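This is model-v1.pdb. It holds PDB, N, CA and C atoms.
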```pdb
ATOM      1  N   MET K 489      21.703  -6.069  15.159
ATOM      2  CA  MET K 489      20.453  -5.693  14.524
ATOM      3  C   MET K 489      19.292  -6.066  15.439
ATOM      4  N   ARG K 490      18.280  -5.227  15.431
ATOM      5  CA  ARG K 490      17.128  -5.453  16.295
ATOM      6  C   ARG K 490      16.217  -6.539  15.733
ATOM      7  N   ASP K 491      15.425  -7.097  16.607
ATOM      8  CA  ASP K 491      14.468  -8.122  16.205
ATOM      9  C   ASP K 491      13.322  -7.472  15.428
ATOM     10  N   ALA K 492      12.752  -8.192  14.482
ATOM     11  CA  ALA K 492      11.688  -7.656  13.634
ATOM     12  C   ALA K 492      10.449  -7.308  14.451
ATOM     13  N   ARG K 493      10.174  -8.066  15.505
ATOM     14  CA  ARG K 493       8.999  -7.793  16.327
ATOM     15  C   ARG K 493       9.177  -6.531  17.167
ATOM     16  N   ASP K 494      10.422  -6.083  17.352
ATOM     17  CA  ASP K 494      10.658  -4.827  18.066
ATOM     18  C   ASP K 494      10.443  -3.624  17.161
ATOM     19  N   ILE K 495      10.609  -3.782  15.868
ATOM     20  CA  ILE K 495      10.476  -2.667  14.931
ATOM     21  C   ILE K 495       9.012  -2.432  14.570
ATOM     22  N   ILE K 496       8.287  -3.497  14.214
ATOM     23  CA  ILE K 496       6.867  -3.387  13.861
ATOM     24  C   ILE K 496       6.058  -3.485  15.150
ATOM     25  N   ILE K 497       5.360  -2.410  15.513
ATOM     26  CA  ILE K 497       4.604  -2.406  16.765
ATOM     27  C   ILE K 497       3.215  -3.000  16.559
ATOM     28  N   ARG K 498       2.468  -2.474  15.564
ATOM     29  CA  ARG K 498       1.128  -2.997  15.299
ATOM     30  C   ARG K 498       0.674  -2.526  13.926
ATOM     31  N   PRO K 499      -0.276  -3.222  13.306
ATOM     32  CA  PRO K 499      -0.828  -2.742  12.032
ATOM     33  C   PRO K 499      -1.854  -1.641  12.270
ATOM     34  N   ILE K 500      -2.045  -0.811  11.267
ATOM     35  CA  ILE K 500      -3.080   0.220  11.306
ATOM     36  C   ILE K 500      -4.227  -0.255  10.422
ATOM     37  N   ILE K 501      -5.406  -0.393  11.004
ATOM     38  CA  ILE K 501      -6.556  -0.884  10.256
ATOM     39  C   ILE K 501      -7.644   0.190  10.293
ATOM     40  N   THR K 502      -7.797   0.895   9.169
ATOM     41  CA  THR K 502      -8.823   1.918   9.006
ATOM     42  C   THR K 502      -9.469   1.730   7.636
ATOM     43  N   GLU K 503     -10.462   2.549   7.324
ATOM     44  CA  GLU K 503     -11.093   2.468   6.014
ATOM     45  C   GLU K 503     -10.102   2.808   4.905
ATOM     46  N   LYS K 504      -9.273   3.806   5.146
ATOM     47  CA  LYS K 504      -8.306   4.211   4.130
ATOM     48  C   LYS K 504      -7.266   3.118   3.888
ATOM     49  N   THR K 505      -6.785   2.488   4.944
ATOM     50  CA  THR K 505      -5.797   1.423   4.754
ATOM     51  C   THR K 505      -6.419   0.196   4.109
ATOM     52  N   ASN K 506      -7.707  -0.050   4.341
ATOM     53  CA  ASN K 506      -8.380  -1.154   3.655
ATOM     54  C   ASN K 506      -8.460  -0.898   2.160
ATOM     55  N   ASP K 507      -8.659   0.354   1.749
ATOM     56  CA  ASP K 507      -8.670   0.695   0.328
ATOM     57  C   ASP K 507      -7.284   0.548  -0.288
ATOM     58  N   LEU K 508      -6.238   0.840   0.479
ATOM     59  CA  LEU K 508      -4.870   0.721  -0.031
ATOM     60  C   LEU K 508      -4.428  -0.729  -0.202
ATOM     61  N   MET K 509      -5.107  -1.653   0.466
ATOM     62  CA  MET K 509      -4.732  -3.061   0.348
ATOM     63  C   MET K 509      -4.923  -3.582  -1.067
ATOM     64  N   ALA K 510      -5.827  -2.980  -1.849
ATOM     65  CA  ALA K 510      -6.023  -3.387  -3.242
ATOM     66  C   ALA K 510      -4.775  -3.088  -4.071
ATOM     67  N   GLU K 511      -3.992  -2.078  -3.649
ATOM     68  CA  GLU K 511      -2.743  -1.723  -4.321
ATOM     69  C   GLU K 511      -1.530  -2.404  -3.681
ATOM     70  N   LYS K 512      -1.782  -3.354  -2.774
ATOM     71  CA  LYS K 512      -0.749  -4.063  -2.017
ATOM     72  C   LYS K 512       0.080  -3.107  -1.157
ATOM     73  N   LYS K 513      -0.592  -2.163  -0.514
ATOM     74  CA  LYS K 513       0.043  -1.249   0.428
ATOM     75  C   LYS K 513      -0.525  -1.521   1.810
ATOM     76  N   TYR K 514       0.349  -1.663   2.794
ATOM     77  CA  TYR K 514      -0.045  -1.981   4.169
ATOM     78  C   TYR K 514       0.595  -0.980   5.113
ATOM     79  N   SER K 515      -0.150  -0.570   6.151
ATOM     80  CA  SER K 515       0.319   0.446   7.080
ATOM     81  C   SER K 515       0.600  -0.167   8.452
ATOM     82  N   PHE K 516       1.674   0.306   9.069
ATOM     83  CA  PHE K 516       2.085  -0.177  10.382
ATOM     84  C   PHE K 516       2.542   0.986  11.247
ATOM     85  N   VAL K 517       2.347   0.857  12.570
ATOM     86  CA  VAL K 517       2.993   1.733  13.532
ATOM     87  C   VAL K 517       4.340   1.097  13.829
ATOM     88  N   VAL K 518       5.406   1.882  13.695
ATOM     89  CA  VAL K 518       6.756   1.352  13.879
ATOM     90  C   VAL K 518       7.494   2.174  14.932
ATOM     91  N   ARG K 519       8.655   1.684  15.334
ATOM     92  CA  ARG K 519       9.491   2.429  16.276
ATOM     93  C   ARG K 519       9.902   3.757  15.671
ATOM     94  N   LYS K 520      10.009   4.778  16.516
ATOM     95  CA  LYS K 520      10.338   6.104  15.996
ATOM     96  C   LYS K 520      11.755   6.181  15.453
ATOM     97  N   ASP K 521      12.654   5.337  15.932
ATOM     98  CA  ASP K 521      14.044   5.409  15.474
ATOM     99  C   ASP K 521      14.366   4.387  14.376
ATOM    100  N   ALA K 522      13.357   3.695  13.854
ATOM    101  CA  ALA K 522      13.579   2.708  12.797
ATOM    102  C   ALA K 522      13.663   3.412  11.447
ATOM    103  N   ASN K 523      14.596   2.963  10.591
ATOM    104  CA  ASN K 523      14.694   3.541   9.254
ATOM    105  C   ASN K 523      13.988   2.641   8.244
ATOM    106  N   LYS K 524      13.944   3.095   6.983
ATOM    107  CA  LYS K 524      13.180   2.382   5.963
ATOM    108  C   LYS K 524      13.752   1.002   5.673
ATOM    109  N   ILE K 525      15.052   0.862   5.712
ATOM    110  CA  ILE K 525      15.686  -0.433   5.439
ATOM    111  C   ILE K 525      15.335  -1.434   6.528
ATOM    112  N   GLU K 526      15.390  -1.007   7.785
ATOM    113  CA  GLU K 526      15.023  -1.895   8.890
ATOM    114  C   GLU K 526      13.550  -2.289   8.823
ATOM    115  N   ILE K 527      12.692  -1.352   8.449
ATOM    116  CA  ILE K 527      11.260  -1.650   8.343
ATOM    117  C   ILE K 527      11.013  -2.668   7.237
ATOM    118  N   ALA K 528      11.667  -2.486   6.089
ATOM    119  CA  ALA K 528      11.489  -3.421   4.973
ATOM    120  C   ALA K 528      11.954  -4.820   5.349
ATOM    121  N   HIS K 529      13.107  -4.941   6.004
ATOM    122  CA  HIS K 529      13.601  -6.257   6.413
ATOM    123  C   HIS K 529      12.672  -6.899   7.451
ATOM    124  N   ALA K 530      12.127  -6.093   8.365
ATOM    125  CA  ALA K 530      11.238  -6.630   9.393
ATOM    126  C   ALA K 530       9.949  -7.176   8.780
ATOM    127  N   VAL K 531       9.362  -6.444   7.825
ATOM    128  CA  VAL K 531       8.124  -6.907   7.187
ATOM    129  C   VAL K 531       8.393  -8.168   6.371
ATOM    130  N   GLU K 532       9.514  -8.200   5.662
ATOM    131  CA  GLU K 532       9.854  -9.398   4.882
ATOM    132  C   GLU K 532      10.058 -10.605   5.771
ATOM    133  N   LYS K 533      10.674 -10.407   6.917
ATOM    134  CA  LYS K 533      10.944 -11.528   7.822
ATOM    135  C   LYS K 533       9.670 -12.014   8.529
ATOM    136  N   LEU K 534       8.828 -11.086   8.984
ATOM    137  CA  LEU K 534       7.633 -11.476   9.739
ATOM    138  C   LEU K 534       6.556 -12.110   8.868
ATOM    139  N   PHE K 535       6.364 -11.608   7.649
ATOM    140  CA  PHE K 535       5.226 -12.033   6.844
ATOM    141  C   PHE K 535       5.623 -12.821   5.600
ATOM    142  N   ASN K 536       6.910 -13.072   5.379
ATOM    143  CA  ASN K 536       7.406 -13.834   4.224
ATOM    144  C   ASN K 536       6.903 -13.263   2.900
ATOM    145  N   VAL K 537       7.107 -11.965   2.699
ATOM    146  CA  VAL K 537       6.719 -11.266   1.479
ATOM    147  C   VAL K 537       7.927 -10.483   0.952
ATOM    148  N   ARG K 538       7.804  -9.933  -0.258
ATOM    149  CA  ARG K 538       8.840  -9.089  -0.841
ATOM    150  C   ARG K 538       8.361  -7.644  -0.819
ATOM    151  N   VAL K 539       9.188  -6.729  -0.316
ATOM    152  CA  VAL K 539       8.833  -5.318  -0.192
ATOM    153  C   VAL K 539       9.437  -4.546  -1.362
ATOM    154  N   GLU K 540       8.600  -3.725  -2.011
ATOM    155  CA  GLU K 540       9.078  -2.890  -3.105
ATOM    156  C   GLU K 540       9.550  -1.536  -2.591
ATOM    157  N   SER K 541       8.743  -0.882  -1.734
ATOM    158  CA  SER K 541       9.120   0.429  -1.215
ATOM    159  C   SER K 541       8.495   0.644   0.159
ATOM    160  N   VAL K 542       9.070   1.610   0.888
ATOM    161  CA  VAL K 542       8.581   1.969   2.217
ATOM    162  C   VAL K 542       8.504   3.489   2.296
ATOM    163  N   ASN K 543       7.351   4.004   2.709
ATOM    164  CA  ASN K 543       7.185   5.431   2.974
ATOM    165  C   ASN K 543       6.911   5.591   4.458
ATOM    166  N   THR K 544       7.541   6.594   5.083
ATOM    167  CA  THR K 544       7.369   6.804   6.512
ATOM    168  C   THR K 544       6.887   8.220   6.780
ATOM    169  N   ALA K 545       6.213   8.391   7.922
ATOM    170  CA  ALA K 545       5.747   9.705   8.362
ATOM    171  C   ALA K 545       5.798   9.743   9.882
ATOM    172  N   ASN K 546       6.305  10.851  10.421
ATOM    173  CA  ASN K 546       6.347  11.062  11.858
ATOM    174  C   ASN K 546       5.153  11.913  12.271
ATOM    175  N   TYR K 547       4.473  11.505  13.335
ATOM    176  CA  TYR K 547       3.314  12.224  13.843
ATOM    177  C   TYR K 547       3.604  12.697  15.260
ATOM    178  N   ARG K 548       3.351  13.982  15.511
ATOM    179  CA  ARG K 548       3.498  14.518  16.858
ATOM    180  C   ARG K 548       2.244  14.228  17.650
ATOM    181  N   GLY K 549       2.415  14.007  18.942
ATOM    182  CA  GLY K 549       1.268  13.744  19.801
ATOM    183  C   GLY K 549       0.414  14.983  19.960
ATOM    184  N   LYS K 550      -0.899  14.784  19.992
ATOM    185  CA  LYS K 550      -1.816  15.908  20.128
ATOM    186  C   LYS K 550      -1.831  16.419  21.562
ATOM    187  N   LEU K 551      -2.044  17.711  21.703
ATOM    188  CA  LEU K 551      -2.179  18.327  23.009
ATOM    189  C   LEU K 551      -3.590  18.076  23.525
ATOM    190  N   LYS K 552      -3.699  17.518  24.724
ATOM    191  CA  LYS K 552      -4.999  17.202  25.315
ATOM    192  C   LYS K 552      -5.115  17.885  26.669
ATOM    193  N   ARG K 553      -6.322  18.344  26.972
ATOM    194  CA  ARG K 553      -6.574  18.999  28.251
ATOM    195  C   ARG K 553      -7.627  18.236  29.026
ATOM    196  N   MET K 554      -7.470  18.235  30.329
ATOM    197  CA  MET K 554      -8.455  17.648  31.234
ATOM    198  C   MET K 554      -8.664  18.685  32.334
ATOM    199  N   GLY K 555      -9.587  19.610  32.069
ATOM    200  CA  GLY K 555      -9.791  20.706  33.017
ATOM    201  C   GLY K 555      -8.623  21.678  32.937
ATOM    202  N   VAL K 556      -7.976  21.906  34.055
ATOM    203  CA  VAL K 556      -6.842  22.817  34.105
ATOM    204  C   VAL K 556      -5.563  22.132  33.624
ATOM    205  N   PHE K 557      -5.496  20.829  33.741
ATOM    206  CA  PHE K 557      -4.283  20.091  33.421
ATOM    207  C   PHE K 557      -4.208  19.810  31.926
ATOM    208  N   GLN K 558      -3.010  19.819  31.415
ATOM    209  CA  GLN K 558      -2.832  19.486  30.007
ATOM    210  C   GLN K 558      -1.632  18.566  29.836
ATOM    211  N   GLY K 559      -1.688  17.788  28.800
ATOM    212  CA  GLY K 559      -0.605  16.860  28.498
ATOM    213  C   GLY K 559      -0.621  16.537  27.016
ATOM    214  N   ARG K 560       0.227  15.622  26.616
ATOM    215  CA  ARG K 560       0.324  15.240  25.212
ATOM    216  C   ARG K 560       0.130  13.745  25.061
ATOM    217  N   ARG K 561      -0.483  13.366  23.948
ATOM    218  CA  ARG K 561      -0.478  11.971  23.557
ATOM    219  C   ARG K 561       0.922  11.653  23.045
ATOM    220  N   PRO K 562       1.307  10.393  23.031
ATOM    221  CA  PRO K 562       2.659  10.077  22.573
ATOM    222  C   PRO K 562       2.823  10.300  21.071
ATOM    223  N   SER K 563       4.022  10.723  20.669
ATOM    224  CA  SER K 563       4.358  10.830  19.258
ATOM    225  C   SER K 563       4.597   9.430  18.705
ATOM    226  N   TRP K 564       4.390   9.248  17.373
ATOM    227  CA  TRP K 564       4.539   7.926  16.779
ATOM    228  C   TRP K 564       4.956   8.049  15.329
ATOM    229  N   LYS K 565       5.341   6.931  14.766
ATOM    230  CA  LYS K 565       5.806   6.887  13.389
ATOM    231  C   LYS K 565       4.995   5.856  12.618
ATOM    232  N   LYS K 566       4.576   6.227  11.401
ATOM    233  CA  LYS K 566       3.783   5.345  10.556
ATOM    234  C   LYS K 566       4.599   4.969   9.333
ATOM    235  N   ALA K 567       4.494   3.713   8.922
ATOM    236  CA  ALA K 567       5.162   3.230   7.723
ATOM    237  C   ALA K 567       4.122   2.612   6.793
ATOM    238  N   VAL K 568       4.153   3.023   5.528
ATOM    239  CA  VAL K 568       3.302   2.427   4.499
ATOM    240  C   VAL K 568       4.213   1.594   3.612
ATOM    241  N   VAL K 569       3.974   0.283   3.607
ATOM    242  CA  VAL K 569       4.837  -0.673   2.903
ATOM    243  C   VAL K 569       4.122  -1.145   1.649
ATOM    244  N   LYS K 570       4.781  -1.003   0.496
ATOM    245  CA  LYS K 570       4.219  -1.493  -0.768
ATOM    246  C   LYS K 570       4.934  -2.782  -1.137
ATOM    247  N   LEU K 571       4.138  -3.820  -1.422
ATOM    248  CA  LEU K 571       4.686  -5.123  -1.774
ATOM    249  C   LEU K 571       4.879  -5.219  -3.282
ATOM    250  N   THR K 572       5.737  -6.140  -3.711
ATOM    251  CA  THR K 572       5.945  -6.357  -5.133
ATOM    252  C   THR K 572       4.711  -7.014  -5.748
ATOM    253  N   ALA K 573       4.631  -6.972  -7.072
ATOM    254  CA  ALA K 573       3.456  -7.498  -7.764
ATOM    255  C   ALA K 573       3.326  -9.010  -7.607
ATOM    256  N   ASP K 574       4.468  -9.721  -7.541
ATOM    257  CA  ASP K 574       4.404 -11.182  -7.435
ATOM    258  C   ASP K 574       4.321 -11.669  -5.994
ATOM    259  N   SER K 575       4.309 -10.762  -5.024
ATOM    260  CA  SER K 575       4.251 -11.139  -3.619
ATOM    261  C   SER K 575       2.819 -11.477  -3.210
ATOM    262  N   LYS K 576       2.696 -12.388  -2.245
ATOM    263  CA  LYS K 576       1.363 -12.751  -1.754
ATOM    264  C   LYS K 576       0.892 -11.706  -0.748
ATOM    265  N   PRO K 577      -0.419 -11.536  -0.551
ATOM    266  CA  PRO K 577      -0.918 -10.554   0.407
ATOM    267  C   PRO K 577      -0.631 -10.980   1.851
ATOM    268  N   ILE K 578      -0.635 -10.027   2.755
ATOM    269  CA  ILE K 578      -0.403 -10.289   4.174
ATOM    270  C   ILE K 578      -1.704 -10.780   4.790
ATOM    271  N   GLU K 579      -1.663 -11.915   5.489
ATOM    272  CA  GLU K 579      -2.867 -12.546   6.018
ATOM    273  C   GLU K 579      -3.436 -11.866   7.234
ATOM    274  N   ILE K 580      -2.664 -11.034   7.934
ATOM    275  CA  ILE K 580      -3.139 -10.412   9.163
ATOM    276  C   ILE K 580      -4.321  -9.488   8.886
ATOM    277  N   TYR K 581      -4.431  -8.984   7.674
ATOM    278  CA  TYR K 581      -5.515  -8.075   7.318
ATOM    279  C   TYR K 581      -6.744  -8.794   6.809
ATOM    280  N   GLU K 582      -6.664 -10.071   6.558
ATOM    281  CA  GLU K 582      -7.785 -10.816   5.967
ATOM    282  C   GLU K 582      -8.846 -11.116   7.007
TER
END
```
Could you take the file, read its structure, and then write that structure out as structure tokens?
Amino acid sequence: MRDARDIIIRPIITEKTNDLMAEKKYSFVVRKDANKIEIAHAVEKLFNVRVESVNTANYRGKLKRMGVFQGRRPSWKKAVVKLTADSKPIEIYE
């Protein structure tokens, strides 16, 4: 099994994710090949919380041009983790 720090890459901090924190939902950029079970175990291990559910979404990299040349931004995967009602909030967002 992979290490939890390899699965969770970084948190996503935006206005929308700040609003979701009131519902105990937290967003993370995760490895593209990680599944929901691995993500839930990684969040529980790193932050000592209980996970109720995990929703994931795959995002394709946008096409970008620089004059004649074009390329793509990297593709990535987002996970929205909902904590149980009796779980404490994650301190990284505070």
Name the residues of region 489-579 of chain K that fall into helix (DSSP H, G or I) according to DSSP on the backbone, using the chain letters and numbers of this document, as number ranges by chain. K: 492-495, 503-511, 524-535, 579
Can those selected residues be exported to a file as an mmCIF file, keeping the file's coordinate frame so that it contains N, CA and C atoms?
```cif
data_model
loop_
_atom_site.group_PDB
_atom_site.id
_atom_site.type_symbol
_atom_site.label_atom_id
_atom_site.label_comp_id
_atom_site.auth_asym_id
_atom_site.auth_seq_id
_atom_site.Cartn_x
_atom_site.Cartn_y
_atom_site.Cartn_z
ATOM 1 N N ALA K 492 12.752 -8.192 14.482
ATOM 2 C CA ALA K 492 11.688 -7.656 13.634
ATOM 3 C C ALA K 492 10.449 -7.308 14.451
ATOM 4 N N ARG K 493 10.174 -8.066 15.505
ATOM 5 C CA ARG K 493 8.999 -7.793 16.327
ATOM 6 C C ARG K 493 9.177 -6.531 17.167
ATOM 7 N N ASP K 494 10.422 -6.083 17.352
ATOM 8 C CA ASP K 494 10.658 -4.827 18.066
ATOM 9 C C ASP K 494 10.443 -3.624 17.161
ATOM 10 N N ILE K 495 10.609 -3.782 15.868
ATOM 11 C CA ILE K 495 10.476 -2.667 14.931
ATOM 12 C C ILE K 495 9.012 -2.432 14.570
ATOM 13 N N GLU K 503 -10.462 2.549 7.324
ATOM 14 C CA GLU K 503 -11.093 2.468 6.014
ATOM 15 C C GLU K 503 -10.102 2.808 4.905
ATOM 16 N N LYS K 504 -9.273 3.806 5.146
ATOM 17 C CA LYS K 504 -8.306 4.211 4.130
ATOM 18 C C LYS K 504 -7.266 3.118 3.888
ATOM 19 N N THR K 505 -6.785 2.488 4.944
ATOM 20 C CA THR K 505 -5.797 1.423 4.754
ATOM 21 C C THR K 505 -6.419 0.196 4.109
ATOM 22 N N ASN K 506 -7.707 -0.050 4.341
ATOM 23 C CA ASN K 506 -8.380 -1.154 3.655
ATOM 24 C C ASN K 506 -8.460 -0.898 2.160
ATOM 25 N N ASP K 507 -8.659 0.354 1.749
ATOM 26 C CA ASP K 507 -8.670 0.695 0.328
ATOM 27 C C ASP K 507 -7.284 0.548 -0.288
ATOM 28 N N LEU K 508 -6.238 0.840 0.479
ATOM 29 C CA LEU K 508 -4.870 0.721 -0.031
ATOM 30 C C LEU K 508 -4.428 -0.729 -0.202
ATOM 31 N N MET K 509 -5.107 -1.653 0.466
ATOM 32 C CA MET K 509 -4.732 -3.061 0.348
ATOM 33 C C MET K 509 -4.923 -3.582 -1.067
ATOM 34 N N ALA K 510 -5.827 -2.980 -1.849
ATOM 35 C CA ALA K 510 -6.023 -3.387 -3.242
ATOM 36 C C ALA K 510 -4.775 -3.088 -4.071
ATOM 37 N N GLU K 511 -3.992 -2.078 -3.649
ATOM 38 C CA GLU K 511 -2.743 -1.723 -4.321
ATOM 39 C C GLU K 511 -1.530 -2.404 -3.681
ATOM 40 N N LYS K 524 13.944 3.095 6.983
ATOM 41 C CA LYS K 524 13.180 2.382 5.963
ATOM 42 C C LYS K 524 13.752 1.002 5.673
ATOM 43 N N ILE K 525 15.052 0.862 5.712
ATOM 44 C CA ILE K 525 15.686 -0.433 5.439
ATOM 45 C C ILE K 525 15.335 -1.434 6.528
ATOM 46 N N GLU K 526 15.390 -1.007 7.785
ATOM 47 C CA GLU K 526 15.023 -1.895 8.890
ATOM 48 C C GLU K 526 13.550 -2.289 8.823
ATOM 49 N N ILE K 527 12.692 -1.352 8.449
ATOM 50 C CA ILE K 527 11.260 -1.650 8.343
ATOM 51 C C ILE K 527 11.013 -2.668 7.237
ATOM 52 N N ALA K 528 11.667 -2.486 6.089
ATOM 53 C CA ALA K 528 11.489 -3.421 4.973
ATOM 54 C C ALA K 528 11.954 -4.820 5.349
ATOM 55 N N HIS K 529 13.107 -4.941 6.004
ATOM 56 C CA HIS K 529 13.601 -6.257 6.413
ATOM 57 C C HIS K 529 12.672 -6.899 7.451
ATOM 58 N N ALA K 530 12.127 -6.093 8.365
ATOM 59 C CA ALA K 530 11.238 -6.630 9.393
ATOM 60 C C ALA K 530 9.949 -7.176 8.780
ATOM 61 N N VAL K 531 9.362 -6.444 7.825
ATOM 62 C CA VAL K 531 8.124 -6.907 7.187
ATOM 63 C C VAL K 531 8.393 -8.168 6.371
ATOM 64 N N GLU K 532 9.514 -8.200 5.662
ATOM 65 C CA GLU K 532 9.854 -9.398 4.882
ATOM 66 C C GLU K 532 10.058 -10.605 5.771
ATOM 67 N N LYS K 533 10.674 -10.407 6.917
ATOM 68 C CA LYS K 533 10.944 -11.528 7.822
ATOM 69 C C LYS K 533 9.670 -12.014 8.529
ATOM 70 N N LEU K 534 8.828 -11.086 8.984
ATOM 71 C CA LEU K 534 7.633 -11.476 9.739
ATOM 72 C C LEU K 534 6.556 -12.110 8.868
ATOM 73 N N PHE K 535 6.364 -11.608 7.649
ATOM 74 C CA PHE K 535 5.226 -12.033 6.844
ATOM 75 C C PHE K 535 5.623 -12.821 5.600
ATOM 76 N N GLU K 579 -1.663 -11.915 5.489
ATOM 77 C CA GLU K 579 -2.867 -12.546 6.018
ATOM 78 C C GLU K 579 -3.436 -11.866 7.234
#
```
Filtered DSSP result for region 490-577 of chain K, state strand (DSSP E), as a compact mmCIF listing (two decimals) with N, CA and C atoms, keeping the file's coordinate frame:
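For reference, states-v9.txt as written:
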```
# COMPACT_ATOMS: atom_id res chain seq x y z
N ILE K 496 8.29 -3.50 14.21
CA ILE K 496 6.87 -3.39 13.86
C ILE K 496 6.06 -3.48 15.15
N ILE K 497 5.36 -2.41 15.51
CA ILE K 497 4.60 -2.41 16.76
C ILE K 497 3.22 -3.00 16.56
N ARG K 498 2.47 -2.47 15.56
CA ARG K 498 1.13 -3.00 15.30
C ARG K 498 0.67 -2.53 13.93
N PRO K 499 -0.28 -3.22 13.31
CA PRO K 499 -0.83 -2.74 12.03
C PRO K 499 -1.85 -1.64 12.27
N LYS K 513 -0.59 -2.16 -0.51
CA LYS K 513 0.04 -1.25 0.43
C LYS K 513 -0.52 -1.52 1.81
N TYR K 514 0.35 -1.66 2.79
CA TYR K 514 -0.04 -1.98 4.17
C TYR K 514 0.60 -0.98 5.11
N SER K 515 -0.15 -0.57 6.15
CA SER K 515 0.32 0.45 7.08
C SER K 515 0.60 -0.17 8.45
N PHE K 516 1.67 0.31 9.07
CA PHE K 516 2.08 -0.18 10.38
C PHE K 516 2.54 0.99 11.25
N VAL K 517 2.35 0.86 12.57
CA VAL K 517 2.99 1.73 13.53
C VAL K 517 4.34 1.10 13.83
N VAL K 518 5.41 1.88 13.70
CA VAL K 518 6.76 1.35 13.88
C VAL K 518 7.49 2.17 14.93
N VAL K 539 9.19 -6.73 -0.32
CA VAL K 539 8.83 -5.32 -0.19
C VAL K 539 9.44 -4.55 -1.36
N GLU K 540 8.60 -3.72 -2.01
CA GLU K 540 9.08 -2.89 -3.10
C GLU K 540 9.55 -1.54 -2.59
N SER K 541 8.74 -0.88 -1.73
CA SER K 541 9.12 0.43 -1.22
C SER K 541 8.49 0.64 0.16
N VAL K 542 9.07 1.61 0.89
CA VAL K 542 8.58 1.97 2.22
C VAL K 542 8.50 3.49 2.30
N ASN K 543 7.35 4.00 2.71
CA ASN K 543 7.18 5.43 2.97
C ASN K 543 6.91 5.59 4.46
N THR K 544 7.54 6.59 5.08
CA THR K 544 7.37 6.80 6.51
C THR K 544 6.89 8.22 6.78
N ALA K 545 6.21 8.39 7.92
CA ALA K 545 5.75 9.70 8.36
C ALA K 545 5.80 9.74 9.88
N ASN K 546 6.30 10.85 10.42
CA ASN K 546 6.35 11.06 11.86
C ASN K 546 5.15 11.91 12.27
N TYR K 547 4.47 11.50 13.34
CA TYR K 547 3.31 12.22 13.84
C TYR K 547 3.60 12.70 15.26
N LEU K 551 -2.04 17.71 21.70
CA LEU K 551 -2.18 18.33 23.01
C LEU K 551 -3.59 18.08 23.52
N LYS K 552 -3.70 17.52 24.72
CA LYS K 552 -5.00 17.20 25.32
C LYS K 552 -5.12 17.89 26.67
N ARG K 553 -6.32 18.34 26.97
CA ARG K 553 -6.57 19.00 28.25
C ARG K 553 -7.63 18.24 29.03
N MET K 554 -7.47 18.24 30.33
CA MET K 554 -8.46 17.65 31.23
C MET K 554 -8.66 18.68 32.33
N PHE K 557 -5.50 20.83 33.74
CA PHE K 557 -4.28 20.09 33.42
C PHE K 557 -4.21 19.81 31.93
N GLN K 558 -3.01 19.82 31.42
CA GLN K 558 -2.83 19.49 30.01
C GLN K 558 -1.63 18.57 29.84
N GLY K 559 -1.69 17.79 28.80
CA GLY K 559 -0.60 16.86 28.50
C GLY K 559 -0.62 16.54 27.02
N ARG K 560 0.23 15.62 26.62
CA ARG K 560 0.32 15.24 25.21
C ARG K 560 0.13 13.74 25.06
N TRP K 564 4.39 9.25 17.37
CA TRP K 564 4.54 7.93 16.78
C TRP K 564 4.96 8.05 15.33
N LYS K 565 5.34 6.93 14.77
CA LYS K 565 5.81 6.89 13.39
C LYS K 565 5.00 5.86 12.62
N LYS K 566 4.58 6.23 11.40
CA LYS K 566 3.78 5.34 10.56
C LYS K 566 4.60 4.97 9.33
N ALA K 567 4.49 3.71 8.92
CA ALA K 567 5.16 3.23 7.72
C ALA K 567 4.12 2.61 6.79
N VAL K 568 4.15 3.02 5.53
CA VAL K 568 3.30 2.43 4.50
C VAL K 568 4.21 1.59 3.61
N VAL K 569 3.97 0.28 3.61
CA VAL K 569 4.84 -0.67 2.90
C VAL K 569 4.12 -1.14 1.65
N LYS K 570 4.78 -1.00 0.50
CA LYS K 570 4.22 -1.49 -0.77
C LYS K 570 4.93 -2.78 -1.14
N LEU K 571 4.14 -3.82 -1.42
CA LEU K 571 4.69 -5.12 -1.77
C LEU K 571 4.88 -5.22 -3.28
```
Given the PyMOL selection byres ((chain K and resi 537) around 8), the residues it picks as a list of chain:residue names: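 Selection result, ordered by chain and number: K:Val531, K:Glu532, K:Lys533, K:Leu534, K:Phe535, K:Asn536, K:Arg538, K:Val539, K:Glu540, K:Leu571, K:Thr572, K:Asp574, K:Ser575, K:Lys576, K:Pro577, K:Ile578.
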Interatomic distance, atom N of Ala567 (chain K) to atom N of Ser515 (chain K) (Å, one decimal): 6.9 Å
For the PyMOL selection byres ((chain K and resi 550) around 7), applied here, can you spell out every residue it catches as an MDAnalysis selection string? chainID K and resid 547:549 551:552 559:563
Using N, CA and C atoms, can you write the selected residues to a file as a tab-separated table (two decimals), in the frame of the given file?
```
chain	number	residue	atom	x	y	z
K	547	TYR	N	4.47	11.50	13.34
K	547	TYR	CA	3.31	12.22	13.84
K	547	TYR	C	3.60	12.70	15.26
K	548	ARG	N	3.35	13.98	15.51
K	548	ARG	CA	3.50	14.52	16.86
K	548	ARG	C	2.24	14.23	17.65
K	549	GLY	N	2.42	14.01	18.94
K	549	GLY	CA	1.27	13.74	19.80
K	549	GLY	C	0.41	14.98	19.96
K	551	LEU	N	-2.04	17.71	21.70
K	551	LEU	CA	-2.18	18.33	23.01
K	551	LEU	C	-3.59	18.08	23.52
K	552	LYS	N	-3.70	17.52	24.72
K	552	LYS	CA	-5.00	17.20	25.32
K	552	LYS	C	-5.12	17.89	26.67
K	559	GLY	N	-1.69	17.79	28.80
K	559	GLY	CA	-0.60	16.86	28.50
K	559	GLY	C	-0.62	16.54	27.02
K	560	ARG	N	0.23	15.62	26.62
K	560	ARG	CA	0.32	15.24	25.21
K	560	ARG	C	0.13	13.74	25.06
K	561	ARG	N	-0.48	13.37	23.95
K	561	ARG	CA	-0.48	11.97	23.56
K	561	ARG	C	0.92	11.65	23.04
K	562	PRO	N	1.31	10.39	23.03
K	562	PRO	CA	2.66	10.08	22.57
K	562	PRO	C	2.82	10.30	21.07
K	563	SER	N	4.02	10.72	20.67
K	563	SER	CA	4.36	10.83	19.26
K	563	SER	C	4.60	9.43	18.70
```
Which residues fall under the PyMOL selection byres ((chain K and resi 490-496) around 6) in this file, as a ChimeraX atom specification? /K:489,497-498,517-519,530
